[in-house]
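So this block is input-v5.cif, mmCIF, C-alpha atoms:
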data_model
#
loop_
_atom_site.label_atom_id
_atom_site.label_comp_id
_atom_site.auth_asym_id
_atom_site.auth_seq_id
_atom_site.Cartn_x
_atom_site.Cartn_y
_atom_site.Cartn_z
CA MET A 566 110.20 95.12 147.36
CA VAL A 567 112.46 94.10 144.46
CA GLU A 568 112.95 90.80 146.24
CA VAL A 569 109.18 90.19 146.41
CA ALA A 570 108.71 91.10 142.73
CA LEU A 571 111.51 88.73 141.73
CA THR A 572 110.02 85.98 143.90
CA LEU A 573 106.57 86.30 142.31
CA ALA A 574 108.00 86.42 138.79
CA GLY A 575 110.18 83.43 139.67
CA ALA A 576 107.14 81.48 140.89
CA GLY A 577 105.39 82.25 137.61
CA MET A 578 108.41 80.92 135.74
CA GLY A 579 108.46 77.85 137.97
CA ALA A 580 104.80 77.21 137.18
CA VAL A 581 105.48 77.51 133.43
CA LEU A 582 108.41 75.07 133.78
CA ARG A 583 106.08 72.64 135.61
CA TYR A 584 103.50 73.01 132.84
CA ALA A 585 106.16 72.21 130.20
CA ILE A 586 108.12 69.44 131.97
CA GLY A 587 105.12 67.87 133.72
CA GLY A 588 103.05 67.95 130.55
CA TRP A 589 105.80 66.42 128.45
CA VAL A 590 106.67 63.67 130.95
CA GLY A 591 102.97 62.93 131.49
CA TYR A 592 102.38 62.55 127.78
CA ARG A 593 105.48 60.35 127.26
CA MET A 594 104.72 58.05 130.21
CA GLY A 595 100.98 57.66 129.60
CA PRO A 596 97.99 58.13 131.91
CA GLU A 597 98.38 55.03 134.15
CA PHE A 598 100.45 56.86 136.75
CA PRO A 599 101.03 60.61 137.34
CA TRP A 600 104.75 60.56 136.48
CA GLY A 601 104.76 64.21 135.41
CA THR A 602 103.98 65.53 138.91
CA LEU A 603 106.35 63.06 140.59
CA ILE A 604 109.29 63.99 138.34
CA VAL A 605 108.61 67.72 138.78
CA ASN A 606 108.42 67.40 142.58
CA LEU A 607 111.61 65.32 142.79
CA LEU A 608 113.53 67.73 140.52
CA GLY A 609 112.32 70.62 142.71
CA CYS A 610 113.42 68.84 145.91
CA LEU A 611 116.86 68.07 144.45
CA ALA A 612 117.32 71.70 143.38
CA LEU A 613 116.17 73.01 146.77
CA GLY A 614 118.64 70.66 148.50
CA LEU A 615 121.49 71.90 146.30
CA LEU A 616 120.54 75.51 147.02
CA GLU A 617 120.24 75.01 150.80
CA GLY A 618 123.53 73.13 150.85
CA ALA A 619 125.46 75.63 148.74
CA ALA A 620 123.98 78.96 149.90
CA SER A 621 122.40 78.42 153.32
CA GLN A 622 123.54 81.92 154.45
CA ASP A 623 122.14 83.87 151.51
CA GLY A 624 118.64 84.75 152.71
CA ALA A 625 117.65 86.77 149.64
CA LEU A 626 118.67 84.01 147.22
CA LEU A 627 116.89 81.37 149.32
CA PHE A 628 113.74 83.49 149.33
CA VAL A 629 113.67 84.20 145.59
CA VAL A 630 114.71 80.75 144.38
CA GLY A 631 113.43 78.55 147.23
CA ARG A 632 110.06 80.16 147.90
CA GLY A 633 109.63 81.61 144.42
CA ILE A 634 110.90 79.48 141.54
CA LEU A 635 111.09 76.09 143.27
CA ALA A 636 107.97 76.40 145.44
CA GLY A 637 106.04 77.50 142.34
CA PHE A 638 107.59 74.70 140.28
CA THR A 639 106.63 71.92 142.71
CA THR A 640 103.03 71.31 143.69
CA PHE A 641 101.21 69.64 146.56
CA SER A 642 97.60 70.10 145.45
CA THR A 643 97.99 68.24 142.13
CA LEU A 644 99.71 65.38 143.96
CA MET A 645 96.74 65.11 146.35
CA LEU A 646 94.10 65.24 143.59
CA GLU A 647 95.92 62.70 141.42
CA THR A 648 96.37 60.37 144.39
CA MET A 649 92.70 60.64 145.32
CA ASN A 650 91.71 59.94 141.71
CA LEU A 651 93.89 56.80 141.76
CA ALA A 652 92.34 55.69 145.06
CA LEU A 653 88.79 56.26 143.78
CA ALA A 654 89.65 54.22 140.66
CA ARG A 655 90.61 51.36 143.08
CA GLU A 656 94.27 51.68 142.18
CA SER A 657 95.24 51.61 145.85
CA ASP A 658 98.81 50.34 145.25
CA ARG A 659 99.54 53.20 142.88
CA ALA A 660 97.86 55.72 145.18
CA PHE A 661 99.92 54.48 148.13
CA PHE A 662 103.17 54.62 146.16
CA ASN A 663 102.31 58.12 144.95
CA VAL A 664 102.07 59.65 148.45
CA VAL A 665 104.65 57.57 150.31
CA GLY A 666 107.02 57.43 147.34
CA SER A 667 106.78 61.17 146.71
CA LEU A 668 107.60 62.00 150.34
CA ALA A 669 110.33 59.37 150.83
CA LEU A 670 112.03 60.01 147.49
CA GLY A 671 111.54 63.77 147.89
CA ILE A 672 113.34 63.84 151.26
CA PHE A 673 116.00 61.47 149.92
CA VAL A 674 116.88 63.60 146.88
CA LEU A 675 116.72 66.72 149.08
CA GLN A 676 119.39 65.20 151.37
CA VAL A 677 121.46 64.17 148.35
CA GLY A 678 121.23 67.75 147.07
CA LEU A 679 122.22 69.16 150.49
CA ARG A 680 125.33 66.94 150.65
CA ILE A 681 126.37 67.78 147.09
CA GLY A 682 125.77 71.49 147.69
CA ARG A 683 127.84 71.53 150.90
CA TRP A 684 130.60 69.46 149.31
CA ALA A 685 130.76 71.68 146.21
CA THR A 686 131.14 74.87 148.25
CA GLY A 687 133.50 73.30 150.77
CA MET B 1199 92.02 57.32 100.47
CA LYS B 1200 93.42 53.92 99.53
CA ALA B 1201 91.76 50.90 101.06
CA THR B 1202 95.06 49.71 102.58
CA GLU B 1203 95.20 52.80 104.81
CA VAL B 1204 91.94 51.97 106.50
CA ALA B 1205 92.58 49.83 109.54
CA VAL B 1206 88.98 49.06 110.49
CA SER B 1207 87.62 48.30 107.02
CA GLY B 1208 85.17 45.42 107.15
CA GLU B 1209 84.75 45.66 110.92
CA VAL B 1210 81.14 45.77 112.09
CA VAL B 1211 80.13 48.51 114.51
CA ALA B 1212 76.98 48.96 116.54
CA GLN B 1213 75.18 52.25 116.81
CA ALA B 1214 72.78 52.52 119.73
CA THR B 1215 70.19 55.28 119.88
CA VAL B 1216 68.96 56.02 123.39
CA ARG B 1217 65.84 58.18 123.83
CA LEU B 1218 65.91 60.29 126.97
CA ARG B 1219 63.45 62.39 128.92
CA SER B 1220 65.70 65.02 130.49
CA GLU B 1221 69.09 66.72 130.37
CA LEU B 1222 69.94 65.12 133.69
CA GLU B 1223 69.51 61.65 132.19
CA CYS B 1224 71.54 62.76 129.22
CA GLU B 1225 74.43 63.92 131.44
CA ARG B 1226 74.40 60.64 133.33
CA VAL B 1227 74.50 58.60 130.11
CA ILE B 1228 77.33 60.65 128.61
CA ARG B 1229 79.31 60.47 131.85
CA LEU B 1230 78.90 56.68 132.05
CA ALA B 1231 79.87 56.26 128.39
CA HIS B 1232 82.95 58.43 128.96
CA GLU B 1233 83.97 56.47 132.05
CA ARG B 1234 83.58 53.15 130.22
CA GLY B 1235 85.54 54.41 127.19
CA VAL B 1236 82.77 54.10 124.59
CA ALA B 1237 84.37 55.22 121.31
CA SER B 1238 81.80 57.94 120.65
CA ALA B 1239 78.82 59.25 122.62
CA THR B 1240 76.95 62.29 121.40
CA ALA B 1241 73.71 63.81 122.65
CA TYR B 1242 71.28 65.58 120.32
CA ARG B 1243 68.18 67.67 120.80
CA ALA B 1244 65.29 65.81 119.15
CA PRO B 1245 63.22 67.63 116.51
CA GLU B 1246 60.02 69.38 117.62
CA GLY B 1247 57.15 66.99 118.28
CA ALA B 1248 59.31 63.91 118.93
CA ASP B 1249 58.34 61.57 121.78
CA SER B 1250 61.49 62.36 123.77
CA PRO B 1251 63.30 65.70 123.85
CA ILE B 1252 66.86 64.32 123.72
CA PHE B 1253 68.56 61.35 122.14
CA VAL B 1254 72.05 59.99 122.55
CA MET B 1255 73.96 58.07 119.87
CA LEU B 1256 76.59 55.62 121.07
CA LEU B 1257 79.04 54.12 118.62
CA ASP B 1258 81.52 51.33 119.27
CA GLY B 1259 82.31 47.71 118.40
CA VAL B 1260 79.35 45.32 118.59
CA ASP B 1261 80.70 43.53 121.68
CA GLU B 1262 81.47 46.79 123.46
CA ILE B 1263 77.97 48.16 122.89
CA GLU B 1264 76.37 44.84 123.94
CA HIS B 1265 78.46 44.95 127.07
CA PHE B 1266 77.61 48.59 127.78
CA LEU B 1267 73.83 48.55 127.30
CA PRO B 1268 72.90 46.41 130.35
CA GLU B 1269 74.81 48.82 132.56
CA LEU B 1270 73.04 51.74 130.91
CA LEU B 1271 69.67 50.10 131.57
CA ARG B 1272 70.59 49.60 135.22
CA LEU B 1273 71.41 53.31 135.41
CA ILE B 1274 68.17 54.43 133.74
CA PRO B 1275 65.65 51.55 133.81
CA GLY B 1276 63.10 51.26 131.02
CA VAL B 1277 64.76 53.71 128.64
CA PRO B 1278 64.02 52.90 124.96
CA VAL B 1279 67.13 51.80 123.04
CA SER B 1280 67.44 50.76 119.41
CA VAL B 1281 70.61 49.27 117.98
CA ILE B 1282 71.68 49.03 114.36
CA ARG B 1283 74.81 47.38 112.97
CA GLU B 1284 76.89 48.79 110.17
CA GLU B 1285 79.95 47.62 108.32
CA VAL B 1286 82.76 50.18 108.37
CA LEU B 1287 84.24 51.32 105.06
CA HIS B 1288 86.47 54.15 106.27
CA ALA B 1289 87.23 55.60 109.68
CA SER B 1290 89.16 58.60 110.89
CA PRO B 1291 91.12 58.53 113.12
CA GLU B 1292 92.03 54.98 112.05
CA ASP B 1293 92.12 53.74 115.64
CA PHE B 1294 88.72 55.31 116.33
CA LEU B 1295 87.17 52.07 117.62
CA ARG B 1296 90.09 51.53 120.00
CA GLY B 1297 89.47 54.88 121.61
CA GLY B 1298 91.51 56.89 119.10
CA ALA B 1299 89.19 59.86 119.45
CA LEU B 1300 89.75 59.82 123.24
CA ALA B 1301 93.55 59.41 123.10
CA PRO B 1302 95.59 62.33 124.48
CA LYS B 1303 97.10 64.64 121.90
CA PRO B 1304 100.90 64.98 121.79
CA PHE B 1305 102.03 67.58 124.30
CA ALA B 1306 103.17 70.92 122.93
CA VAL B 1307 103.81 74.13 124.87
CA ASN B 1308 101.30 76.78 123.88
CA LEU B 1309 102.62 80.31 124.47
CA ARG B 1310 99.24 81.79 125.33
CA HIS B 1311 98.65 78.98 127.83
CA ALA B 1312 102.13 79.58 129.26
CA GLY B 1313 101.16 83.22 129.79
CA TRP B 1314 98.09 82.25 131.81
CA VAL B 1315 100.13 79.74 133.84
CA PHE B 1316 102.73 82.45 134.56
CA ALA B 1317 100.11 84.96 135.73
CA GLY B 1318 98.31 82.40 137.91
CA GLY B 1319 101.60 81.06 139.26
CA SER B 1320 102.79 84.52 140.35
CA LEU B 1321 99.53 85.32 142.11
CA GLY B 1322 99.39 81.88 143.76
CA ALA B 1323 102.89 82.36 145.17
CA GLY B 1324 101.90 85.82 146.44
CA ALA B 1325 98.96 84.33 148.29
CA ARG B 1326 101.11 81.51 149.72
CA ILE B 1327 103.81 83.88 150.97
CA ALA B 1328 101.18 86.19 152.48
CA VAL B 1329 99.59 83.31 154.46
CA GLU B 1330 103.00 81.97 155.58
CA THR B 1331 104.18 85.41 156.66
CA LEU B 1332 100.97 86.06 158.58
CA ALA B 1333 101.16 82.65 160.26
CA SER B 1334 104.78 83.11 161.32
CA ARG B 1335 103.98 86.55 162.78
CA LEU B 1336 100.97 85.20 164.66
CA THR B 1337 102.82 82.36 166.37
CA ALA B 1338 106.51 81.68 166.99
CA PHE B 1339 105.50 78.00 166.86
CA HIS B 1340 105.43 78.33 163.05
CA ALA B 1341 109.25 78.02 163.00
CA VAL B 1342 109.11 74.44 164.37
CA PHE B 1343 105.74 73.45 162.93
CA PRO B 1344 104.96 75.45 159.75
CA TRP B 1345 101.19 75.32 160.01
CA GLY B 1346 100.81 78.21 157.53
CA THR B 1347 102.34 76.12 154.72
CA MET B 1348 100.26 73.17 155.88
CA ALA B 1349 97.07 75.26 155.72
CA VAL B 1350 97.98 76.50 152.23
CA ASN B 1351 98.62 72.94 151.01
CA VAL B 1352 95.39 71.55 152.48
CA LEU B 1353 93.28 74.47 151.26
CA GLY B 1354 94.82 74.21 147.79
CA SER B 1355 94.09 70.47 147.67
CA PHE B 1356 90.44 71.15 148.46
CA ALA B 1357 90.15 73.84 145.78
CA ILE B 1358 91.94 71.81 143.09
CA ALA B 1359 89.57 68.87 143.70
CA ILE B 1360 86.58 71.13 143.01
CA PHE B 1361 88.24 72.25 139.78
CA GLY B 1362 89.09 68.63 139.01
CA ALA B 1363 85.46 67.55 139.26
CA LEU B 1364 84.25 70.52 137.19
CA LEU B 1365 86.95 69.83 134.62
CA PHE B 1366 85.86 66.22 134.27
CA GLU B 1367 82.34 67.41 133.45
CA ARG B 1368 83.83 69.94 131.01
CA PHE B 1369 82.46 72.95 132.89
CA VAL B 1370 85.94 74.53 132.97
CA GLY B 1371 87.65 75.81 129.83
CA GLU B 1372 91.33 75.54 128.93
CA ARG B 1373 92.09 79.12 129.92
CA GLU B 1374 90.59 78.73 133.39
CA ARG B 1375 92.45 75.44 133.81
CA MET B 1376 95.75 77.07 132.89
CA PHE B 1377 95.27 80.08 135.17
CA TRP B 1378 93.63 78.51 138.23
CA VAL B 1379 94.73 74.86 138.24
CA LEU B 1380 98.21 74.80 136.70
CA GLY B 1381 99.05 78.39 137.60
CA PHE B 1382 97.43 79.61 140.81
CA LEU B 1383 96.78 76.40 142.77
CA GLY B 1384 99.93 74.66 141.49
CA SER B 1385 102.05 77.52 142.75
CA PHE B 1386 99.95 78.33 145.85
CA THR B 1387 100.75 74.85 147.15
CA THR B 1388 104.32 73.61 147.32
CA PHE B 1389 106.02 70.26 147.62
CA SER B 1390 109.69 71.30 147.82
CA SER B 1391 109.17 73.58 150.87
CA TYR B 1392 107.00 70.88 152.43
CA ALA B 1393 109.73 68.24 152.02
CA LEU B 1394 112.39 70.59 153.41
CA GLN B 1395 110.22 71.58 156.38
CA THR B 1396 109.43 67.93 157.10
CA ALA B 1397 113.15 67.05 157.09
CA GLU B 1398 114.09 70.05 159.27
CA SER B 1399 111.22 69.51 161.66
CA TRP B 1400 112.18 65.83 161.95
CA GLU B 1401 115.74 66.81 162.97
CA ASN B 1402 114.36 69.02 165.75
CA SER B 1403 111.73 66.57 166.91
CA PRO B 1404 110.76 63.33 165.15
CA LEU B 1405 107.29 63.63 166.65
CA LEU B 1406 106.61 67.09 165.20
CA GLY B 1407 108.31 66.08 161.93
CA SER B 1408 106.08 63.07 161.41
CA LEU B 1409 103.01 65.02 162.53
CA TYR B 1410 103.80 67.69 159.96
CA GLY B 1411 104.78 65.30 157.13
CA GLY B 1412 102.01 62.75 157.68
CA GLY B 1413 99.43 65.31 158.79
CA SER B 1414 99.81 67.39 155.62
CA MET B 1415 99.35 64.29 153.47
CA ALA B 1416 96.37 62.95 155.46
CA LEU B 1417 94.57 66.31 155.63
CA GLY B 1418 95.40 67.02 151.97
CA LEU B 1419 93.87 63.73 150.87
CA ILE B 1420 90.77 64.25 153.01
CA ALA B 1421 90.43 67.77 151.59
CA ALA B 1422 90.72 66.45 148.01
CA LEU B 1423 88.10 63.77 148.67
CA LEU B 1424 85.79 66.34 150.26
CA GLY B 1425 86.23 68.70 147.31
CA LEU B 1426 85.43 65.97 144.77
CA ARG B 1427 82.36 64.82 146.72
CA LEU B 1428 81.03 68.35 147.27
CA ALA B 1429 81.44 69.36 143.64
CA ARG B 1430 79.81 66.17 142.35
CA ARG B 1431 76.89 66.55 144.74
CA ALA B 1432 76.32 70.12 143.60
CA MET B 1433 76.16 69.06 139.93
#
Starting from the coordinates I provided, produce the structure as structure tokens.
Amino acid sequence: MVEVALTLAGAGMGAVLRYAIGGWVGYRMGPEFPWGTLIVNLLGCLALGLLEGAASQDGALLFVVGRGILAGFTTFSTLMLETMNLALARESDRAFFNVVGSLALGIFVLQVGLRIGRWATG
Amino acid sequence: MKATEVAVSGEVVAQATVRLRSELECERVIRLAHERGVASATAYRAPEGADSPIFVMLLDGVDEIEHFLPELLRLIPGVPVSVIREEVLHASPEDFLRGGALAPKPFAVNLRHAGWVFAGGSLGAGARIAVETLASRLTAFHAVFPWGTMAVNVLGSFAIAIFGALLFERFVGERERMFWVLGFLGSFTTFSSYALQTAESWENSPLLGSLYGGGSMALGLIAALLGLRLARRAM
């Protein structure tokens, strides 16, 4: 029960972090490309990789941080809407990079995080 | 204000007055003007007894207005338009004619907004975990192909597109956007778990991995398109 409460509060915190980091990056980089969401998703993937690599046996920690904070921090729905808006504005190159780049880079930084996490904990 | 501070001094602007018959026409004109980046477009209710119940005033550079009006007339043929030209003495914001009034404001975290995002984000995660738990109890298959997470992501993409379309038409306020869009739906759907599941599923079976990774993306995009189309048709 405590675990669930922590997970939900963590997801709320993750969402607030996404609002702050995504909003700031989005404002700095301008409206041509949804950099805010991409940066947030990549940071979340890197952190999840580190966590899975360093603490793959700790189920409670994985639940609270992985499915709470980090799952709340990263977002799939915004990525889909922003990609569809790019496609409808005939920005097909940017739309294509947004989906394929998000997935490829996301899995790449996740693997990097996993290696670093395993290496750091021996 | 000193004359040197005024960037557009001496520039000539065009002000077009468009007389409209209905609120529907008015919405279409404002939407088109917004999409084309007209510096200012405002609709007014005409005084009692006027020939048309609504009029819209469009303000921008002379070339921009001249360029915009033919498109407007294609959208609503035969609508009466009158254009006057004025020389600008002062303008605020200074970059008004270059879309200054439309430019995004510098980002700053608003504590009240953060509170709404937190509340929505917690509830969204609760809903996601409930669906995932239910799905994994229903089928053992969920461990190799997490269809619960996939369903959450696709459903969330559909819902956010409906909000996106409503937001564009300004039917959704800031508070609702913070709670539902940035909070609930942002947290209901997840990218980090999706990427991890795709990688793990790929290691078990490249076929299932690519079906999960590509399928989520394809269905998510179709759901977003469907949401946008449905919401725009309803308006």
Next on the checklist: Which residues would end up in the selection if the PyMOL selection byres ((chain B) within 7 of (chain A)) were applied here, given that I need the answer as a VMD selection string?
Outcome noted: chain B and resid 1304 to 1305 1307 1312 1315 to 1317 1319 to 1320 1323 to 1324 1351 1354 to 1355 1358 to 1359 1380 to 1381 1383 to 1385 1387 to 1391 1393 1397 1418 to 1419 1422 to 1423
(message) Show me, as a PyMOL selection string, the residues that have an atom within 9 Å of His1311 in chain B when counting all atoms listed in the file, minus same-chain residues fewer than 6 positions from it.
(response) (chain A and resi 581) or (chain B and resi 1372-1373+1376-1377)
Please list as a list in words every residue within 12 Å of range 1240-1246 of chain B, counting all atoms listed in the file and excluding residues in the same chain fewer than 6 positions away.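 With the cut-off at 12 Å, the set is Gln1213, Ala1214, Thr1215, Val1216, Arg1217, Leu1218, Arg1219, Ser1220, Glu1221, Leu1222, Glu1223, Cys1224, Glu1225, Arg1226, Val1227, Ile1228, Arg1229, Ala1231, His1232, Ile1252, Phe1253, Val1254, Met1255, Leu1256 and Leu1257 of chain B.
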### Task
Would you translate the PyMOL selection byres ((chain B and resi 1428) around 12) into the concrete set of residues it matches in this file, as a PyMOL selection string?
chain B and resi 1356-1357+1359-1364+1421-1427+1429-1433
(Q) Taking all atoms listed in the file into account, name the residue in A:Asp658, A:Leu651, A:Glu597, A:Leu679 that is nearest to Leu615 in chain A. (A)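 Going through A:Asp658, A:Leu651, A:Glu597, A:Leu679 one by one, the smallest distance to Leu615 in chain A is for A:Leu679.
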Need the shell around Ala620 in chain A: protein/DNA/RNA residues with any atom at most 12 Å away, counting only C-alpha atoms. Skip same-chain ones fewer than 6 positions apart. Format as a PDB file with C-alpha atoms, in the frame of the given file?
ATOM      1  CA  ALA A 612     117.320  71.700 143.380  1.00  0.00           C
ATOM      2  CA  LEU A 613     116.170  73.010 146.770  1.00  0.00           C
ATOM      3  CA  GLY A 614     118.640  70.660 148.500  1.00  0.00           C
ATOM      4  CA  LEU A 626     118.670  84.010 147.220  1.00  0.00           C
ATOM      5  CA  LEU A 627     116.890  81.370 149.320  1.00  0.00           C
ATOM      6  CA  PHE A 628     113.740  83.490 149.330  1.00  0.00           C
ATOM      7  CA  VAL A 630     114.710  80.750 144.380  1.00  0.00           C
ATOM      8  CA  GLY A 631     113.430  78.550 147.230  1.00  0.00           C
ATOM      9  CA  GLY A 678     121.230  67.750 147.070  1.00  0.00           C
ATOM     10  CA  LEU A 679     122.220  69.160 150.490  1.00  0.00           C
ATOM     11  CA  ILE A 681     126.370  67.780 147.090  1.00  0.00           C
ATOM     12  CA  GLY A 682     125.770  71.490 147.690  1.00  0.00           C
ATOM     13  CA  ARG A 683     127.840  71.530 150.900  1.00  0.00           C
ATOM     14  CA  TRP A 684     130.600  69.460 149.310  1.00  0.00           C
ATOM     15  CA  ALA A 685     130.760  71.680 146.210  1.00  0.00           C
ATOM     16  CA  THR A 686     131.140  74.870 148.250  1.00  0.00           C
ATOM     17  CA  GLY A 687     133.500  73.300 150.770  1.00  0.00           C
TER      18      GLY A 687
END
Pairwise distance, CA of Leu1394 in chain B with CA of Gly1407 in chain B, equals 10.5 Å
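Counting only C-alpha atoms, the residue from B:Glu1233, B:Glu1401, B:Glu1285, B:Asp1261 that sits nearest to Gly1208 in chain B is B:Glu1285.
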Kindly indicate which residue among B:Val1277, B:Leu1270, B:Val1342, B:Leu1417 lies nearest to Trp1400 in chain B, using only C-alpha atoms for the distances.
->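 Comparing B:Val1277, B:Leu1270, B:Val1342, B:Leu1417 against Trp1400 in chain B, the winner is B:Val1342.
CA of Val1352 in chain B is found 14.7 Å from CA of Ala1333 in chain B.
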Checklist entry - What is the CA of Arg659 in chain A-CA of Leu1405 in chain B distance in Å, reported with one decimal? => result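 Separating CA of Arg659 in chain A from CA of Leu1405 in chain B is a distance of 27.1 Å.
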Practice problem: List the residues selected by the PyMOL selection byres ((chain B and resi 1266-1269) around 9) in the file shown, writing them as a PyMOL selection string. | Solution: chain B and resi 1214+1230-1231+1234+1236+1261-1265+1270-1274+1279
Written-out range 1229-1267 of chain B (C-alpha atoms) as a PDB file, in the first residue's frame:
ATOM      1  CA  ARG B1229      -9.138  30.021 -37.558  1.00  0.00           C
ATOM      2  CA  LEU B1230      -7.786  30.747 -41.053  1.00  0.00           C
ATOM      3  CA  ALA B1231      -6.255  34.038 -39.897  1.00  0.00           C
ATOM      4  CA  HIS B1232      -4.620  32.245 -36.958  1.00  0.00           C
ATOM      5  CA  GLU B1233      -3.244  29.492 -39.193  1.00  0.00           C
ATOM      6  CA  ARG B1234      -1.813  32.035 -41.639  1.00  0.00           C
ATOM      7  CA  GLY B1235      -0.265  34.113 -38.841  1.00  0.00           C
ATOM      8  CA  VAL B1236      -2.206  37.340 -39.425  1.00  0.00           C
ATOM      9  CA  ALA B1237      -0.870  39.781 -36.806  1.00  0.00           C
ATOM     10  CA  SER B1238      -4.284  40.478 -35.289  1.00  0.00           C
ATOM     11  CA  ALA B1239      -7.768  39.101 -35.976  1.00  0.00           C
ATOM     12  CA  THR B1240     -10.646  40.075 -33.730  1.00  0.00           C
ATOM     13  CA  ALA B1241     -14.354  39.404 -34.110  1.00  0.00           C
ATOM     14  CA  TYR B1242     -16.982  41.845 -32.846  1.00  0.00           C
ATOM     15  CA  ARG B1243     -20.730  41.733 -32.448  1.00  0.00           C
ATOM     16  CA  ALA B1244     -22.195  44.431 -34.706  1.00  0.00           C
ATOM     17  CA  PRO B1245     -24.492  47.065 -33.164  1.00  0.00           C
ATOM     18  CA  GLU B1246     -28.259  46.460 -33.290  1.00  0.00           C
ATOM     19  CA  GLY B1247     -29.771  47.095 -36.704  1.00  0.00           C
ATOM     20  CA  ALA B1248     -26.545  46.586 -38.685  1.00  0.00           C
ATOM     21  CA  ASP B1249     -26.707  44.659 -41.977  1.00  0.00           C
ATOM     22  CA  SER B1250     -24.571  41.805 -40.633  1.00  0.00           C
ATOM     23  CA  PRO B1251     -24.529  40.541 -37.047  1.00  0.00           C
ATOM     24  CA  ILE B1252     -20.748  40.044 -36.767  1.00  0.00           C
ATOM     25  CA  PHE B1253     -17.686  41.737 -38.150  1.00  0.00           C
ATOM     26  CA  VAL B1254     -14.042  40.746 -38.045  1.00  0.00           C
ATOM     27  CA  MET B1255     -11.129  43.198 -38.108  1.00  0.00           C
ATOM     28  CA  LEU B1256      -7.850  41.923 -39.526  1.00  0.00           C
ATOM     29  CA  LEU B1257      -4.680  43.919 -39.074  1.00  0.00           C
ATOM     30  CA  ASP B1258      -1.311  43.266 -40.680  1.00  0.00           C
ATOM     31  CA  GLY B1259       1.154  44.671 -43.213  1.00  0.00           C
ATOM     32  CA  VAL B1260      -0.368  45.770 -46.531  1.00  0.00           C
ATOM     33  CA  ASP B1261       1.221  42.894 -48.476  1.00  0.00           C
ATOM     34  CA  GLU B1262       0.158  40.313 -45.899  1.00  0.00           C
ATOM     35  CA  ILE B1263      -3.466  41.458 -45.957  1.00  0.00           C
ATOM     36  CA  GLU B1264      -3.487  41.596 -49.782  1.00  0.00           C
ATOM     37  CA  HIS B1265      -2.119  38.082 -49.810  1.00  0.00           C
ATOM     38  CA  PHE B1266      -4.636  36.847 -47.238  1.00  0.00           C
ATOM     39  CA  LEU B1267      -7.874  38.287 -48.649  1.00  0.00           C
TER      40      LEU B1267
END
